[in-house]
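Just my_file-v4.cif here, mmCIF, C-alpha atoms:
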data_structure
loop_
_atom_site.group_PDB
_atom_site.id
_atom_site.type_symbol
_atom_site.label_atom_id
_atom_site.label_comp_id
_atom_site.auth_asym_id
_atom_site.auth_seq_id
_atom_site.Cartn_x
_atom_site.Cartn_y
_atom_site.Cartn_z
ATOM 1 C CA MET A 1 -4.302 -21.366 10.347
ATOM 2 C CA LYS A 2 -4.053 -21.169 6.564
ATOM 3 C CA ILE A 3 -6.164 -19.689 3.787
ATOM 4 C CA ARG A 4 -6.112 -20.240 0.014
ATOM 5 C CA VAL A 5 -4.930 -17.022 -1.622
ATOM 6 C CA GLY A 6 -4.856 -16.181 -5.309
ATOM 7 C CA SER A 7 -3.305 -12.761 -4.848
ATOM 8 C CA LEU A 8 -2.601 -9.979 -2.363
ATOM 9 C CA LEU A 9 -2.445 -6.241 -2.942
ATOM 10 C CA ASP A 10 -0.666 -4.324 -0.205
ATOM 11 C CA LEU A 11 -2.351 -1.096 -1.287
ATOM 12 C CA SER A 12 -5.305 -0.655 -3.622
ATOM 13 C CA THR A 13 -7.094 2.591 -4.363
ATOM 14 C CA ILE A 14 -9.598 1.092 -6.810
ATOM 15 C CA ASP A 15 -11.037 -2.014 -5.152
ATOM 16 C CA TRP A 16 -12.961 0.022 -2.578
ATOM 17 C CA SER A 17 -13.490 3.432 -4.086
ATOM 18 C CA GLY A 18 -12.254 6.243 -1.893
ATOM 19 C CA HIS A 19 -10.398 3.962 0.534
ATOM 20 C CA ARG A 20 -6.770 2.855 0.724
ATOM 21 C CA THR A 21 -7.293 -0.877 1.068
ATOM 22 C CA PHE A 22 -5.248 -4.029 1.584
ATOM 23 C CA MET A 23 -6.914 -6.569 -0.720
ATOM 24 C CA LEU A 24 -6.963 -10.322 -0.264
ATOM 25 C CA PHE A 25 -8.078 -12.310 -3.323
ATOM 26 C CA CYS A 26 -9.132 -15.771 -2.136
ATOM 27 C CA GLY A 27 -8.763 -18.832 -4.330
ATOM 28 C CA GLY A 28 -11.745 -20.994 -5.250
ATOM 29 C CA CYS A 29 -15.321 -20.044 -6.049
ATOM 30 C CA ASN A 30 -18.584 -21.944 -6.319
ATOM 31 C CA PHE A 31 -20.677 -19.267 -8.060
ATOM 32 C CA ARG A 32 -19.353 -19.296 -11.677
ATOM 33 C CA CYS A 33 -20.706 -15.822 -12.462
ATOM 34 C CA PRO A 34 -20.495 -15.237 -16.230
ATOM 35 C CA PHE A 35 -19.209 -11.672 -15.702
ATOM 36 C CA CYS A 36 -16.443 -12.631 -13.227
ATOM 37 C CA MET A 37 -13.364 -10.430 -13.512
ATOM 38 C CA ASN A 38 -11.278 -12.950 -11.528
ATOM 39 C CA ALA A 39 -12.139 -16.117 -13.452
ATOM 40 C CA SER A 40 -8.646 -17.512 -12.895
ATOM 41 C CA LEU A 41 -9.538 -17.806 -9.191
ATOM 42 C CA ILE A 42 -12.622 -19.995 -9.791
ATOM 43 C CA PRO A 43 -10.915 -23.439 -9.603
ATOM 44 C CA ALA A 44 -10.860 -24.801 -6.039
ATOM 45 C CA ASP A 45 -7.115 -25.410 -6.320
ATOM 46 C CA SER A 46 -6.287 -21.917 -7.636
ATOM 47 C CA GLY A 47 -3.725 -19.894 -5.760
ATOM 48 C CA GLY A 48 -1.889 -21.407 -2.839
ATOM 49 C CA GLU A 49 -2.242 -21.862 0.881
ATOM 50 C CA VAL A 50 -0.810 -19.022 2.956
ATOM 51 C CA ASP A 51 -0.457 -18.804 6.716
ATOM 52 C CA LEU A 52 -2.565 -16.050 8.273
ATOM 53 C CA LYS A 53 0.540 -14.789 10.078
ATOM 54 C CA PHE A 54 2.060 -13.894 6.680
ATOM 55 C CA ILE A 55 -1.015 -11.834 5.767
ATOM 56 C CA GLU A 56 -1.029 -10.150 9.176
ATOM 57 C CA GLU A 57 2.635 -9.181 8.737
ATOM 58 C CA ARG A 58 1.896 -7.673 5.300
ATOM 59 C CA VAL A 59 -0.999 -5.642 6.691
ATOM 60 C CA LEU A 60 1.038 -4.401 9.654
ATOM 61 C CA ALA A 61 3.934 -3.411 7.372
ATOM 62 C CA ASN A 62 1.558 -1.075 5.523
ATOM 63 C CA ILE A 63 -0.778 -0.087 8.346
ATOM 64 C CA ASP A 64 0.153 3.604 8.196
ATOM 65 C CA PHE A 65 -1.196 3.814 4.628
ATOM 66 C CA LEU A 66 -4.319 1.657 5.024
ATOM 67 C CA GLU A 67 -7.897 2.556 5.836
ATOM 68 C CA ALA A 68 -9.441 -0.855 5.241
ATOM 69 C CA ILE A 69 -8.903 -4.549 4.561
ATOM 70 C CA GLY A 70 -10.959 -6.170 1.831
ATOM 71 C CA ALA A 71 -11.509 -9.786 0.873
ATOM 72 C CA THR A 72 -12.820 -10.885 -2.486
ATOM 73 C CA GLY A 73 -12.280 -13.812 -4.725
ATOM 74 C CA GLY A 74 -12.752 -16.248 -5.678
ATOM 75 C CA GLU A 75 -15.183 -16.539 -2.823
ATOM 76 C CA PRO A 76 -14.000 -15.668 0.722
ATOM 77 C CA GLY A 77 -17.140 -17.253 2.191
ATOM 78 C CA LEU A 78 -15.794 -20.709 1.337
ATOM 79 C CA GLU A 79 -13.235 -20.277 4.123
ATOM 80 C CA PRO A 80 -15.147 -18.478 6.893
ATOM 81 C CA ASN A 81 -12.871 -19.382 9.807
ATOM 82 C CA PRO A 82 -9.669 -17.849 8.378
ATOM 83 C CA ILE A 83 -11.588 -14.770 7.191
ATOM 84 C CA ILE A 84 -13.114 -14.261 10.644
ATOM 85 C CA ALA A 85 -9.685 -14.738 12.246
ATOM 86 C CA LEU A 86 -8.186 -12.055 9.974
ATOM 87 C CA TYR A 87 -10.794 -9.483 10.875
#
Turn this file's structure into structure tokens for me.
Amino acid sequence: MKIRVGSLLDLSTIDWSGHRTFMLFCGGCNFRCPFCMNASLIPADSGGEVDLKFIEERVLANIDFLEAIGATGGEPGLEPNPIIALY
């Protein structure tokens, strides 16, 4: 299974305050919020398709440092099946 990804952060300490988090930034968004800090991820064709196995391998490589996995966007809800499979 694949998911459209704009970016990955193996370790973030700012995206979920107080938690060491692996962050997945999904590509594509249908909201168009005027205050969006990830506006480059709004186009449906932003980012690229990545196999979930690749993401799983990245998480497992850093599992000793992580407390959480986060998904943001773009809009992760546009691809519910891959998001559910990841979690």
query = Given the choices A:Ile84, A:Asp51, A:Gly70, A:Arg58, which gets closest to Ile3 of chain A if the distance is worked out from only C-alpha atoms?
reply =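 When distances to Ile3 of chain A are compared using only C-alpha atoms, the smallest one comes from A:Asp51.
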ask   = Could you spell out the hits of the PyMOL selection byres ((chain A and resi 2) around 12) on the shown file, as a PyMOL selection string?
value = chain A and resi 1+3-5+26+48-56+79-83+85-86
Go ahead and dump the residues you just picked, C-alpha atoms, as a compact mmCIF listing (two decimals), keeping the file's coordinate frame.
# COMPACT_ATOMS: atom_id res chain seq x y z
CA MET A 1 -4.30 -21.37 10.35
CA ILE A 3 -6.16 -19.69 3.79
CA ARG A 4 -6.11 -20.24 0.01
CA VAL A 5 -4.93 -17.02 -1.62
CA CYS A 26 -9.13 -15.77 -2.14
CA GLY A 48 -1.89 -21.41 -2.84
CA GLU A 49 -2.24 -21.86 0.88
CA VAL A 50 -0.81 -19.02 2.96
CA ASP A 51 -0.46 -18.80 6.72
CA LEU A 52 -2.56 -16.05 8.27
CA LYS A 53 0.54 -14.79 10.08
CA PHE A 54 2.06 -13.89 6.68
CA ILE A 55 -1.01 -11.83 5.77
CA GLU A 56 -1.03 -10.15 9.18
CA GLU A 79 -13.24 -20.28 4.12
CA PRO A 80 -15.15 -18.48 6.89
CA ASN A 81 -12.87 -19.38 9.81
CA PRO A 82 -9.67 -17.85 8.38
CA ILE A 83 -11.59 -14.77 7.19
CA ALA A 85 -9.68 -14.74 12.25
CA LEU A 86 -8.19 -12.06 9.97
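Across the model, the gap from atom CA of Glu75 of chain A to atom CA of Val59 of chain A is 20.3 Å.
By chain and then residue number, the residues within 9 Å of Asn38 of chain A are Phe25, Cys36, Ser40, Leu41, Ile42, Gly73 and Gly74 of chain A, counting only C-alpha atoms and disregarding those fewer than 2 positions away in sequence.
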ask   = If you count all atoms listed in the file, which residues fall within 8 Å of Leu8 of chain A, apart from same-chain ones fewer than 5 positions away, as number ranges by chain?
value = A: 22-25
Residues returned when the PyMOL selection byres ((chain A and resi 64-66) around 12) runs on this file, as a PDB file with C-alpha atoms, in the coordinates of the input:
ATOM      1  CA  LEU A   9      -2.445  -6.241  -2.942  1.00  0.00           C
ATOM      2  CA  ASP A  10      -0.666  -4.324  -0.205  1.00  0.00           C
ATOM      3  CA  LEU A  11      -2.351  -1.096  -1.287  1.00  0.00           C
ATOM      4  CA  SER A  12      -5.305  -0.655  -3.622  1.00  0.00           C
ATOM      5  CA  THR A  13      -7.094   2.591  -4.363  1.00  0.00           C
ATOM      6  CA  TRP A  16     -12.961   0.022  -2.578  1.00  0.00           C
ATOM      7  CA  GLY A  18     -12.254   6.243  -1.893  1.00  0.00           C
ATOM      8  CA  HIS A  19     -10.398   3.962   0.534  1.00  0.00           C
ATOM      9  CA  ARG A  20      -6.770   2.855   0.724  1.00  0.00           C
ATOM     10  CA  THR A  21      -7.293  -0.877   1.068  1.00  0.00           C
ATOM     11  CA  PHE A  22      -5.248  -4.029   1.584  1.00  0.00           C
ATOM     12  CA  MET A  23      -6.914  -6.569  -0.720  1.00  0.00           C
ATOM     13  CA  ARG A  58       1.896  -7.673   5.300  1.00  0.00           C
ATOM     14  CA  VAL A  59      -0.999  -5.642   6.691  1.00  0.00           C
ATOM     15  CA  LEU A  60       1.038  -4.401   9.654  1.00  0.00           C
ATOM     16  CA  ALA A  61       3.934  -3.411   7.372  1.00  0.00           C
ATOM     17  CA  ASN A  62       1.558  -1.075   5.523  1.00  0.00           C
ATOM     18  CA  ILE A  63      -0.778  -0.087   8.346  1.00  0.00           C
ATOM     19  CA  GLU A  67      -7.897   2.556   5.836  1.00  0.00           C
ATOM     20  CA  ALA A  68      -9.441  -0.855   5.241  1.00  0.00           C
ATOM     21  CA  ILE A  69      -8.903  -4.549   4.561  1.00  0.00           C
ATOM     22  CA  GLY A  70     -10.959  -6.170   1.831  1.00  0.00           C
TER      23      GLY A  70
END
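Among the candidates A:Tyr87, A:Cys33, A:Ile14, A:Gly6, the residue lying nearest to Ser46 of chain A is A:Gly6 (atoms considered: only C-alpha atoms).
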Quick one: what's the axis-aligned box for segment 16-25 of chain A, all listed atoms, 6 Å on every side, centre and edges in Å to one decimal, as AutoDock Vina command-line options?
--center_x -9.4 --center_y -3.0 --center_z -1.3 --size_x 20.2 --size_y 30.6 --size_z 17.7
